[in-house]
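Engineer: My structure is stored as final-v3.pdb, with PDB, C-alpha atoms, pLDDT in the B column.
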MODEL        1
ATOM      1  CA  TYR A   1      29.498 -13.740  28.110  1.00 55.00           C
ATOM      2  CA  SER A   2      30.476 -13.040  24.491  1.00 56.00           C
ATOM      3  CA  TYR A   3      27.866 -15.516  23.290  1.00 56.00           C
ATOM      4  CA  HIS A   4      25.026 -13.613  24.967  1.00 74.00           C
ATOM      5  CA  ASP A   5      26.297 -10.072  24.346  1.00 83.00           C
ATOM      6  CA  VAL A   6      24.249  -8.625  21.501  1.00 86.00           C
ATOM      7  CA  HIS A   7      26.843  -5.950  20.678  1.00 88.00           C
ATOM      8  CA  ILE A   8      29.702  -8.430  20.302  1.00 89.00           C
ATOM      9  CA  ARG A   9      27.603 -10.796  18.199  1.00 87.00           C
ATOM     10  CA  PHE A  10      26.292  -7.949  16.032  1.00 87.00           C
ATOM     11  CA  TRP A  11      29.642  -6.302  15.245  1.00 90.00           C
ATOM     12  CA  LEU A  12      32.281  -9.010  15.704  1.00 90.00           C
ATOM     13  CA  GLY A  13      30.238 -12.133  15.014  1.00 89.00           C
ATOM     14  CA  ASP A  14      31.466 -15.436  16.444  1.00 90.00           C
ATOM     15  CA  LEU A  15      35.160 -14.552  16.141  1.00 92.00           C
ATOM     16  CA  PRO A  16      35.718 -13.737  19.857  1.00 93.00           C
ATOM     17  CA  ILE A  17      33.860 -16.899  20.894  1.00 92.00           C
ATOM     18  CA  VAL A  18      35.896 -19.099  18.548  1.00 94.00           C
ATOM     19  CA  SER A  19      39.108 -17.422  19.705  1.00 94.00           C
ATOM     20  CA  MET A  20      38.339 -18.067  23.369  1.00 93.00           C
ATOM     21  CA  ALA A  21      37.255 -21.646  22.639  1.00 94.00           C
ATOM     22  CA  VAL A  22      40.506 -22.469  20.828  1.00 96.00           C
ATOM     23  CA  THR A  23      42.616 -20.809  23.532  1.00 95.00           C
ATOM     24  CA  LEU A  24      40.823 -22.649  26.337  1.00 94.00           C
ATOM     25  CA  SER A  25      41.105 -25.952  24.459  1.00 94.00           C
ATOM     26  CA  THR A  26      44.835 -25.427  24.034  1.00 94.00           C
ATOM     27  CA  LEU A  27      45.232 -24.589  27.712  1.00 94.00           C
ATOM     28  CA  ALA A  28      43.214 -27.672  28.686  1.00 94.00           C
ATOM     29  CA  ILE A  29      45.387 -30.013  26.603  1.00 92.00           C
ATOM     30  CA  THR A  30      48.545 -28.348  27.917  1.00 91.00           C
ATOM     31  CA  SER A  31      47.306 -28.713  31.501  1.00 91.00           C
ATOM     32  CA  PHE A  32      46.687 -32.396  30.862  1.00 89.00           C
ATOM     33  CA  MET A  33      50.241 -32.761  29.576  1.00 85.00           C
ATOM     34  CA  LEU A  34      51.644 -31.014  32.643  1.00 84.00           C
ATOM     35  CA  ILE A  35      49.654 -33.291  34.954  1.00 86.00           C
ATOM     36  CA  TYR A  36      50.846 -36.302  32.981  1.00 83.00           C
ATOM     37  CA  LYS A  37      54.458 -35.123  33.201  1.00 79.00           C
ATOM     38  CA  SER A  38      54.086 -34.618  36.945  1.00 82.00           C
ATOM     39  CA  MET A  39      52.755 -38.160  37.334  1.00 81.00           C
ATOM     40  CA  VAL A  40      55.617 -39.601  35.298  1.00 76.00           C
ATOM     41  CA  ASN A  41      58.220 -37.672  37.289  1.00 75.00           C
ATOM     42  CA  SER A  42      56.645 -38.842  40.532  1.00 79.00           C
ATOM     43  CA  GLN A  43      56.655 -42.435  39.305  1.00 76.00           C
ATOM     44  CA  ARG A  44      60.277 -42.137  38.229  1.00 71.00           C
ATOM     45  CA  GLY A  45      61.204 -40.784  41.638  1.00 75.00           C
ATOM     46  CA  ARG A  46      59.595 -43.745  43.371  1.00 75.00           C
ATOM     47  CA  GLN A  47      61.205 -46.099  40.878  1.00 70.00           C
ATOM     48  CA  ASN A  48      64.674 -44.681  41.526  1.00 72.00           C
ATOM     49  CA  ALA A  49      64.100 -44.932  45.262  1.00 74.00           C
ATOM     50  CA  GLN A  50      63.025 -48.580  44.954  1.00 74.00           C
ATOM     51  CA  ARG A  51      65.971 -49.392  42.720  1.00 71.00           C
ATOM     52  CA  ALA A  52      68.340 -47.925  45.277  1.00 72.00           C
ATOM     53  CA  SER A  53      66.596 -49.924  47.984  1.00 72.00           C
ATOM     54  CA  SER A  54      66.686 -53.078  45.856  1.00 68.00           C
ATOM     55  CA  LYS A  55      70.394 -52.738  45.223  1.00 66.00           C
ATOM     56  CA  SER A  56      71.106 -52.467  48.904  1.00 66.00           C
ATOM     57  CA  SER A  57      68.882 -55.452  49.701  1.00 63.00           C
ATOM     58  CA  GLY A  58      69.639 -57.491  46.587  1.00 56.00           C
ATOM     59  CA  GLY A  59      65.951 -57.513  45.417  1.00 53.00           C
ATOM     60  CA  GLY A  60      64.384 -56.621  42.048  1.00 52.00           C
ATOM     61  CA  GLY A  61      62.486 -53.528  40.874  1.00 50.00           C
ATOM     62  CA  GLY A  62      60.439 -55.046  38.085  1.00 52.00           C
ATOM     63  CA  SER A  63      57.043 -54.158  39.542  1.00 51.00           C
ATOM     64  CA  LEU A  64      57.639 -50.407  39.404  1.00 48.00           C
ATOM     65  CA  ILE A  65      59.024 -50.563  35.877  1.00 49.00           C
ATOM     66  CA  GLU A  66      55.852 -52.353  34.870  1.00 50.00           C
ATOM     67  CA  ALA A  67      53.722 -49.753  36.692  1.00 50.00           C
ATOM     68  CA  GLU A  68      55.545 -46.906  34.974  1.00 50.00           C
ATOM     69  CA  SER A  69      54.964 -48.417  31.550  1.00 51.00           C
ATOM     70  CA  LYS A  70      51.212 -48.443  32.202  1.00 55.00           C
ATOM     71  CA  ILE A  71      50.961 -44.684  32.710  1.00 57.00           C
ATOM     72  CA  ARG A  72      53.443 -43.628  30.050  1.00 68.00           C
ATOM     73  CA  PHE A  73      52.476 -42.700  26.496  1.00 72.00           C
ATOM     74  CA  SER A  74      54.619 -43.804  23.623  1.00 78.00           C
ATOM     75  CA  LEU A  75      57.078 -41.278  22.233  1.00 79.00           C
ATOM     76  CA  ARG A  76      55.043 -41.071  19.043  1.00 85.00           C
ATOM     77  CA  THR A  77      51.854 -40.262  20.973  1.00 85.00           C
ATOM     78  CA  LEU A  78      53.618 -37.563  22.970  1.00 86.00           C
ATOM     79  CA  ARG A  79      54.960 -35.966  19.822  1.00 88.00           C
ATOM     80  CA  LEU A  80      51.525 -36.029  18.199  1.00 91.00           C
ATOM     81  CA  ILE A  81      50.016 -34.308  21.248  1.00 90.00           C
ATOM     82  CA  LEU A  82      52.745 -31.672  21.218  1.00 90.00           C
ATOM     83  CA  ILE A  83      52.256 -31.084  17.495  1.00 92.00           C
ATOM     84  CA  MET A  84      48.526 -30.652  18.122  1.00 93.00           C
ATOM     85  CA  ILE A  85      49.259 -28.148  20.902  1.00 94.00           C
ATOM     86  CA  THR A  86      51.599 -26.264  18.570  1.00 94.00           C
ATOM     87  CA  ILE A  87      48.985 -26.053  15.824  1.00 95.00           C
ATOM     88  CA  LEU A  88      46.232 -24.983  18.231  1.00 95.00           C
ATOM     89  CA  SER A  89      48.554 -22.408  19.778  1.00 96.00           C
ATOM     90  CA  VAL A  90      49.305 -20.846  16.408  1.00 96.00           C
ATOM     91  CA  VAL A  91      45.594 -20.823  15.571  1.00 96.00           C
ATOM     92  CA  SER A  92      44.844 -19.252  18.965  1.00 96.00           C
ATOM     93  CA  ALA A  93      47.395 -16.480  18.440  1.00 96.00           C
ATOM     94  CA  THR A  94      46.123 -15.857  14.903  1.00 96.00           C
ATOM     95  CA  LEU A  95      42.495 -15.662  16.017  1.00 96.00           C
ATOM     96  CA  GLY A  96      43.487 -13.350  18.859  1.00 96.00           C
ATOM     97  CA  PHE A  97      45.179 -11.051  16.360  1.00 97.00           C
ATOM     98  CA  LEU A  98      42.073 -11.084  14.152  1.00 96.00           C
ATOM     99  CA  VAL A  99      39.857 -10.240  17.141  1.00 96.00           C
ATOM    100  CA  VAL A 100      42.022  -7.233  18.011  1.00 96.00           C
ATOM    101  CA  LYS A 101      42.197  -6.151  14.365  1.00 95.00           C
ATOM    102  CA  SER A 102      38.432  -6.460  13.847  1.00 94.00           C
ATOM    103  CA  GLY A 103      37.682  -4.732  17.135  1.00 93.00           C
ATOM    104  CA  LEU A 104      39.947  -1.799  16.316  1.00 93.00           C
ATOM    105  CA  GLU A 105      38.471  -1.455  12.835  1.00 92.00           C
ATOM    106  CA  MET A 106      34.915  -1.504  14.167  1.00 92.00           C
ATOM    107  CA  SER A 107      35.798   0.866  16.974  1.00 92.00           C
ATOM    108  CA  SER A 108      37.392   3.294  14.531  1.00 89.00           C
ATOM    109  CA  SER A 109      34.416   3.134  12.175  1.00 88.00           C
ATOM    110  CA  LEU A 110      32.042   3.904  15.049  1.00 91.00           C
ATOM    111  CA  THR A 111      34.035   6.659  16.727  1.00 88.00           C
ATOM    112  CA  SER A 112      35.656   8.379  13.740  1.00 87.00           C
ATOM    113  CA  ASN A 113      33.732   7.355  10.618  1.00 87.00           C
ATOM    114  CA  CYS A 114      30.301   6.599  11.992  1.00 89.00           C
ATOM    115  CA  GLY A 115      27.554   6.524   9.384  1.00 87.00           C
ATOM    116  CA  MET A 116      29.948   6.382   6.444  1.00 88.00           C
ATOM    117  CA  GLU A 117      29.672   2.714   5.501  1.00 85.00           C
ATOM    118  CA  GLY A 118      28.613  -0.765   6.530  1.00 86.00           C
ATOM    119  CA  ASN A 119      26.275  -1.417   9.428  1.00 88.00           C
ATOM    120  CA  SER A 120      26.726   2.051  10.894  1.00 90.00           C
ATOM    121  CA  LEU A 121      25.439   3.583   7.650  1.00 92.00           C
ATOM    122  CA  SER A 122      22.446   1.226   7.590  1.00 92.00           C
ATOM    123  CA  ILE A 123      21.633   1.961  11.228  1.00 93.00           C
ATOM    124  CA  THR A 124      21.944   5.712  10.653  1.00 93.00           C
ATOM    125  CA  LYS A 125      19.495   5.566   7.745  1.00 94.00           C
ATOM    126  CA  VAL A 126      16.993   3.622   9.837  1.00 94.00           C
ATOM    127  CA  GLU A 127      17.489   6.048  12.724  1.00 93.00           C
ATOM    128  CA  HIS A 128      16.663   8.998  10.473  1.00 94.00           C
ATOM    129  CA  SER A 129      13.550   7.187   9.265  1.00 94.00           C
ATOM    130  CA  LEU A 130      12.544   6.505  12.871  1.00 95.00           C
ATOM    131  CA  GLN A 131      13.071  10.134  13.844  1.00 93.00           C
ATOM    132  CA  ALA A 132      10.955  11.345  10.918  1.00 94.00           C
ATOM    133  CA  PHE A 133       8.232   8.803  11.692  1.00 95.00           C
ATOM    134  CA  TYR A 134       8.244   9.765  15.370  1.00 94.00           C
ATOM    135  CA  LYS A 135       8.006  13.457  14.549  1.00 93.00           C
ATOM    136  CA  VAL A 136       4.846  12.835  12.550  1.00 93.00           C
ATOM    137  CA  CYS A 137       3.519  10.568  15.301  1.00 94.00           C
ATOM    138  CA  GLN A 138       3.967  13.236  17.971  1.00 92.00           C
ATOM    139  CA  GLN A 139       1.939  15.752  15.998  1.00 92.00           C
ATOM    140  CA  ASP A 140      -1.139  13.900  17.194  1.00 91.00           C
ATOM    141  CA  THR A 141      -1.792  14.839  20.820  1.00 89.00           C
ATOM    142  CA  ALA A 142      -3.158  11.345  21.443  1.00 91.00           C
ATOM    143  CA  ASN A 143       0.362   9.972  20.919  1.00 89.00           C
ATOM    144  CA  LYS A 144       2.123  12.248  23.391  1.00 89.00           C
ATOM    145  CA  GLY A 145       4.362  10.282  25.731  1.00 87.00           C
ATOM    146  CA  LYS A 146       4.388   7.191  23.538  1.00 92.00           C
ATOM    147  CA  GLU A 147       7.606   5.524  22.471  1.00 93.00           C
ATOM    148  CA  VAL A 148       8.181   5.317  18.749  1.00 94.00           C
ATOM    149  CA  ASP A 149       7.318   1.617  18.569  1.00 93.00           C
ATOM    150  CA  GLU A 150       4.005   2.372  20.296  1.00 93.00           C
ATOM    151  CA  CYS A 151       2.953   4.827  17.602  1.00 94.00           C
ATOM    152  CA  PRO A 152       0.167   3.771  15.219  1.00 94.00           C
ATOM    153  CA  GLY A 153       1.542   2.347  11.993  1.00 94.00           C
ATOM    154  CA  PHE A 154       4.958   1.440  13.384  1.00 94.00           C
ATOM    155  CA  ALA A 155       4.607  -2.259  12.543  1.00 92.00           C
ATOM    156  CA  GLU A 156       3.660  -1.396   8.969  1.00 93.00           C
ATOM    157  CA  GLU A 157       6.452   1.145   8.542  1.00 93.00           C
ATOM    158  CA  PHE A 158       9.093  -1.066  10.167  1.00 94.00           C
ATOM    159  CA  PRO A 159       7.889  -4.658   9.720  1.00 91.00           C
ATOM    160  CA  ALA A 160       9.209  -7.444  11.930  1.00 86.00           C
ATOM    161  CA  PRO A 161      11.821  -8.547  12.692  1.00 88.00           C
ATOM    162  CA  ALA A 162      13.077  -4.935  12.260  1.00 89.00           C
ATOM    163  CA  PRO A 163      16.626  -5.663  13.522  1.00 91.00           C
ATOM    164  CA  TYR A 164      17.942  -2.106  13.387  1.00 93.00           C
ATOM    165  CA  PRO A 165      15.059  -0.469  15.291  1.00 93.00           C
ATOM    166  CA  SER A 166      15.293  -3.271  17.857  1.00 93.00           C
ATOM    167  CA  TYR A 167      19.023  -2.720  18.190  1.00 92.00           C
ATOM    168  CA  LEU A 168      18.610   1.033  18.646  1.00 93.00           C
ATOM    169  CA  LYS A 169      16.037   0.359  21.352  1.00 92.00           C
ATOM    170  CA  ILE A 170      18.424  -1.983  23.152  1.00 91.00           C
ATOM    171  CA  MET A 171      21.158   0.651  23.056  1.00 91.00           C
ATOM    172  CA  GLU A 172      18.926   3.403  24.413  1.00 90.00           C
ATOM    173  CA  TYR A 173      17.883   1.230  27.335  1.00 90.00           C
ATOM    174  CA  GLU A 174      21.144  -0.560  28.095  1.00 87.00           C
ATOM    175  CA  ASN A 175      23.723   2.091  27.235  1.00 87.00           C
ATOM    176  CA  LYS A 176      21.729   5.182  28.265  1.00 87.00           C
ATOM    177  CA  CYS A 177      22.510   6.902  24.975  1.00 89.00           C
ATOM    178  CA  SER A 178      20.666   8.770  22.245  1.00 88.00           C
ATOM    179  CA  GLY A 179      21.457   9.173  18.571  1.00 89.00           C
ATOM    180  CA  PHE A 180      23.691   6.653  16.884  1.00 92.00           C
ATOM    181  CA  CYS A 181      26.325   8.816  15.202  1.00 91.00           C
ATOM    182  CA  THR A 182      25.272  12.267  16.399  1.00 89.00           C
ATOM    183  CA  HIS A 183      23.363  13.534  19.406  1.00 86.00           C
ATOM    184  CA  GLY A 184      19.643  13.054  19.067  1.00 82.00           C
ATOM    185  CA  THR A 185      16.489  12.830  21.112  1.00 85.00           C
ATOM    186  CA  THR A 186      15.497   9.552  22.706  1.00 89.00           C
ATOM    187  CA  ILE A 187      12.612   7.883  20.909  1.00 90.00           C
ATOM    188  CA  PHE A 188      12.413   4.596  22.811  1.00 92.00           C
ATOM    189  CA  ASN A 189      13.514   5.155  26.400  1.00 88.00           C
ATOM    190  CA  LEU A 190      11.572   8.350  27.064  1.00 85.00           C
ATOM    191  CA  GLU A 191      11.981   8.104  30.840  1.00 82.00           C
ATOM    192  CA  GLN A 192      15.750   7.985  30.632  1.00 73.00           C
ATOM    193  CA  PRO A 193      16.968  10.346  33.376  1.00 64.00           C
ATOM    194  CA  LYS A 194      20.337  11.140  31.860  1.00 73.00           C
ATOM    195  CA  VAL A 195      21.869  10.525  28.456  1.00 78.00           C
ATOM    196  CA  GLU A 196      25.455   9.268  28.705  1.00 79.00           C
ATOM    197  CA  GLY A 197      26.410  10.176  25.147  1.00 86.00           C
ATOM    198  CA  VAL A 198      26.147   9.157  21.509  1.00 90.00           C
ATOM    199  CA  CYS A 199      25.420   5.450  21.077  1.00 91.00           C
ATOM    200  CA  GLY A 200      28.002   4.841  18.354  1.00 91.00           C
ATOM    201  CA  LYS A 201      30.892   6.316  20.328  1.00 91.00           C
ATOM    202  CA  ILE A 202      29.951   4.439  23.490  1.00 92.00           C
ATOM    203  CA  LEU A 203      29.746   1.257  21.453  1.00 92.00           C
ATOM    204  CA  GLY A 204      33.098   1.944  19.780  1.00 92.00           C
ATOM    205  CA  VAL A 205      34.878   2.230  23.129  1.00 92.00           C
ATOM    206  CA  TYR A 206      33.147  -0.925  24.351  1.00 92.00           C
ATOM    207  CA  LEU A 207      34.181  -2.968  21.303  1.00 93.00           C
ATOM    208  CA  TRP A 208      37.746  -1.689  21.654  1.00 93.00           C
ATOM    209  CA  SER A 209      37.946  -2.885  25.262  1.00 93.00           C
ATOM    210  CA  ILE A 210      36.354  -6.254  24.483  1.00 92.00           C
ATOM    211  CA  SER A 211      38.654  -6.916  21.532  1.00 94.00           C
ATOM    212  CA  TYR A 212      41.702  -6.282  23.708  1.00 94.00           C
ATOM    213  CA  ALA A 213      40.329  -8.303  26.627  1.00 93.00           C
ATOM    214  CA  VAL A 214      39.741 -11.316  24.375  1.00 93.00           C
ATOM    215  CA  GLY A 215      42.412 -10.937  21.712  1.00 95.00           C
ATOM    216  CA  VAL A 216      45.544  -9.983  23.650  1.00 96.00           C
ATOM    217  CA  PRO A 217      45.447 -12.948  26.094  1.00 95.00           C
ATOM    218  CA  SER A 218      44.840 -15.282  23.146  1.00 95.00           C
ATOM    219  CA  ILE A 219      47.851 -13.868  21.315  1.00 96.00           C
ATOM    220  CA  PHE A 220      50.245 -14.143  24.246  1.00 96.00           C
ATOM    221  CA  ALA A 221      48.924 -17.509  25.430  1.00 94.00           C
ATOM    222  CA  GLY A 222      49.133 -18.900  21.905  1.00 95.00           C
ATOM    223  CA  MET A 223      52.683 -17.657  21.380  1.00 96.00           C
ATOM    224  CA  ALA A 224      53.875 -18.915  24.771  1.00 94.00           C
ATOM    225  CA  LEU A 225      52.311 -22.355  24.340  1.00 94.00           C
ATOM    226  CA  ALA A 226      53.634 -22.673  20.790  1.00 93.00           C
ATOM    227  CA  ILE A 227      57.182 -21.910  21.941  1.00 93.00           C
ATOM    228  CA  MET A 228      56.860 -24.303  24.883  1.00 89.00           C
ATOM    229  CA  SER A 229      55.555 -27.163  22.743  1.00 90.00           C
ATOM    230  CA  LEU A 230      58.267 -26.627  20.115  1.00 90.00           C
ATOM    231  CA  LEU A 231      60.931 -26.741  22.813  1.00 89.00           C
ATOM    232  CA  LEU A 232      59.443 -29.952  24.201  1.00 83.00           C
ATOM    233  CA  LEU A 233      59.398 -31.477  20.723  1.00 83.00           C
ATOM    234  CA  SER A 234      63.149 -30.956  20.522  1.00 83.00           C
ATOM    235  CA  TYR A 235      63.685 -32.279  24.056  1.00 73.00           C
ATOM    236  CA  GLU A 236      65.110 -35.789  24.061  1.00 66.00           C
ATOM    237  CA  GLY A 237      64.011 -36.622  27.591  1.00 60.00           C
ATOM    238  CA  LEU A 238      60.307 -37.064  26.807  1.00 58.00           C
TER
ENDMDL
END
Starting from the file, give its structure as structure tokens.
Structural biologist:
Amino acid sequence: YSYHDVHIRFWLGDLPIVSMAVTLSTLAITSFMLIYKSMVNSQRGRQNAQRASSKSSGGGGGSLIEAESKIRFSLRTLRLILIMITILSVVSATLGFLVVKSGLEMSSSLTSNCGMEGNSLSITKVEHSLQAFYKVCQQDTANKGKEVDECPGFAEEFPAPAPYPSYLKIMEYENKCSGFCTHGTTIFNLEQPKVEGVCGKILGVYLWSISYAVGVPSIFAGMALAIMSLLLLSYEGL
């Protein structure tokens, strides 16, 4: 979802995607370890049962000991896996923190300081240019009812790929908003029945929710898995 969401990619880059990828990788390796541990415990249970049976009957239990050795990792391998889980867990928690931090900063810049700096300032400047261009366009009665990108001379005034005009168009259509930092008239989605609000503020709230949805689970999962793997590293019964 984050990979295809234009707003997340535009404002937060690949950070949420990397954070989720690291967290899921850590969970996958941990799940493998839990399955492995379950298999070993099951094998040990059968081995103990056979040993008890062998003692009562006077037989041997060598076959199960041999079977157990086939599915068991060496102690060194187990420790290396646990160290890898610990490192990935710390990275996951760190990336989760960075996602939350970046999301809050972007959200604040869009809701409280919109148009002051960075991308929001660049978008605001382009929006003002679009509004001025559209005003001139609408003075010709032949252009009445046209969207701004349908006006004559648009391609020359805003040459392709024109990322900011394209982004403003996406927001007007997808988020049902008008004006990036302040209320304005719609210039792309002219048939929009109802404007939900200012684009920047809607976007700020959205980025805030996404950063928490991605970052907080990564932080807690990373911390929990790091603690678990460290405890297992100190456990002598591996």
Engineer: Do you know which residues lie at most 8 Å from (20.5, -8.7, 23.2), with coordinates as in the file and all atoms listed in the file counted, and could you write them as number ranges by chain?
Structural biologist: A: 4-7, 167, 170
Engineer: One number please: CA of Ala226 (chain A) to CA of Leu88 (chain A), in Å, one decimal.
Structural biologist: 8.2 Å
Engineer: Given the file above and the PyMOL selection byres ((chain A and resi 202) around 12), which residues are selected, and can you give them as a ChimeraX atom specification?
Structural biologist: /A:7,107-108,110-112,114,171-172,174-183,195-201,203-209
Engineer: Would you write out those residues with C-alpha atoms, as a tab-separated table (two decimals), in the coordinates of the input?
Structural biologist:
chain	number	residue	atom	x	y	z
A	7	HIS	CA	26.84	-5.95	20.68
A	107	SER	CA	35.80	0.87	16.97
A	108	SER	CA	37.39	3.29	14.53
A	110	LEU	CA	32.04	3.90	15.05
A	111	THR	CA	34.03	6.66	16.73
A	112	SER	CA	35.66	8.38	13.74
A	114	CYS	CA	30.30	6.60	11.99
A	171	MET	CA	21.16	0.65	23.06
A	172	GLU	CA	18.93	3.40	24.41
A	174	GLU	CA	21.14	-0.56	28.10
A	175	ASN	CA	23.72	2.09	27.24
A	176	LYS	CA	21.73	5.18	28.26
A	177	CYS	CA	22.51	6.90	24.98
A	178	SER	CA	20.67	8.77	22.24
A	179	GLY	CA	21.46	9.17	18.57
A	180	PHE	CA	23.69	6.65	16.88
A	181	CYS	CA	26.32	8.82	15.20
A	182	THR	CA	25.27	12.27	16.40
A	183	HIS	CA	23.36	13.53	19.41
A	195	VAL	CA	21.87	10.52	28.46
A	196	GLU	CA	25.46	9.27	28.70
A	197	GLY	CA	26.41	10.18	25.15
A	198	VAL	CA	26.15	9.16	21.51
A	199	CYS	CA	25.42	5.45	21.08
A	200	GLY	CA	28.00	4.84	18.35
A	201	LYS	CA	30.89	6.32	20.33
A	203	LEU	CA	29.75	1.26	21.45
A	204	GLY	CA	33.10	1.94	19.78
A	205	VAL	CA	34.88	2.23	23.13
A	206	TYR	CA	33.15	-0.92	24.35
A	207	LEU	CA	34.18	-2.97	21.30
A	208	TRP	CA	37.75	-1.69	21.65
A	209	SER	CA	37.95	-2.88	25.26
Engineer: What does the structure give for the distance between CA of Met84 (chain A) and CA of Phe32 (chain A), in Å to one decimal?
Structural biologist: 13.0 Å
Engineer: Name the residues in contact with region 143-157 of chain A at a cut-off of 6 Å, using all atoms listed in the file, excluding same-chain residues fewer than 2 positions from it; report them as a PDB file with C-alpha atoms, in the frame of the given file.
Structural biologist:
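New file result.pdb:
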ATOM      1  CA  TYR A 134       8.244   9.765  15.370  1.00 94.00           C
ATOM      2  CA  GLN A 138       3.967  13.236  17.971  1.00 92.00           C
ATOM      3  CA  ASP A 140      -1.139  13.900  17.194  1.00 91.00           C
ATOM      4  CA  THR A 141      -1.792  14.839  20.820  1.00 89.00           C
ATOM      5  CA  PRO A 159       7.889  -4.658   9.720  1.00 91.00           C
ATOM      6  CA  ILE A 187      12.612   7.883  20.909  1.00 90.00           C
ATOM      7  CA  PHE A 188      12.413   4.596  22.811  1.00 92.00           C
TER       8      PHE A 188
END
Engineer: Ranking A:Leu130, A:Ile87, A:Leu121, A:Leu190 by minimum distance to Leu168 (chain A) and counting only C-alpha atoms, which one comes first?
Structural biologist: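 Among the listed residues, the smallest separation from Leu168 (chain A) belongs to A:Leu130.
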Engineer: Please, what distance in Å, to one decimal, runs between CA of Asn119 (chain A) and CA of Leu12 (chain A)?
Structural biologist: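 So the two atoms, CA of Asn119 (chain A) and CA of Leu12 (chain A), lie 11.5 Å apart.
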Engineer: Which one of A:Lys135, A:Lys37, A:Arg51, A:Arg76 sits closest to Leu233 (chain A) if you count all atoms listed in the file?
Structural biologist: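 Using all atoms listed in the file, the shortest distance to Leu233 (chain A) belongs to A:Arg76.
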Engineer: Please identify all polymer residues within 12 Å of Ser234 (chain A), counting only C-alpha atoms, omitting same-chain residues fewer than 4 positions from it, and present them as an MDAnalysis selection string.
Structural biologist: chainID A and resid 78:79 82:83 227:230 238
Engineer: Counting only C-alpha atoms, which residue out of A:Met116, A:Ile81, A:Ile17, A:Leu24 sits closest to Tyr36 (chain A)?
Structural biologist: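 Of A:Met116, A:Ile81, A:Ile17, A:Leu24, the one nearest Tyr36 (chain A) is A:Ile81, counting only C-alpha atoms.
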Engineer: For the provided coordinates, the residues matched by the PyMOL selection byres ((chain A and resi 98) around 12) should be stated as a ChimeraX atom specification.
Structural biologist: /A:12-16,18-19,91-97,99-106,211-212,214-216,218-219
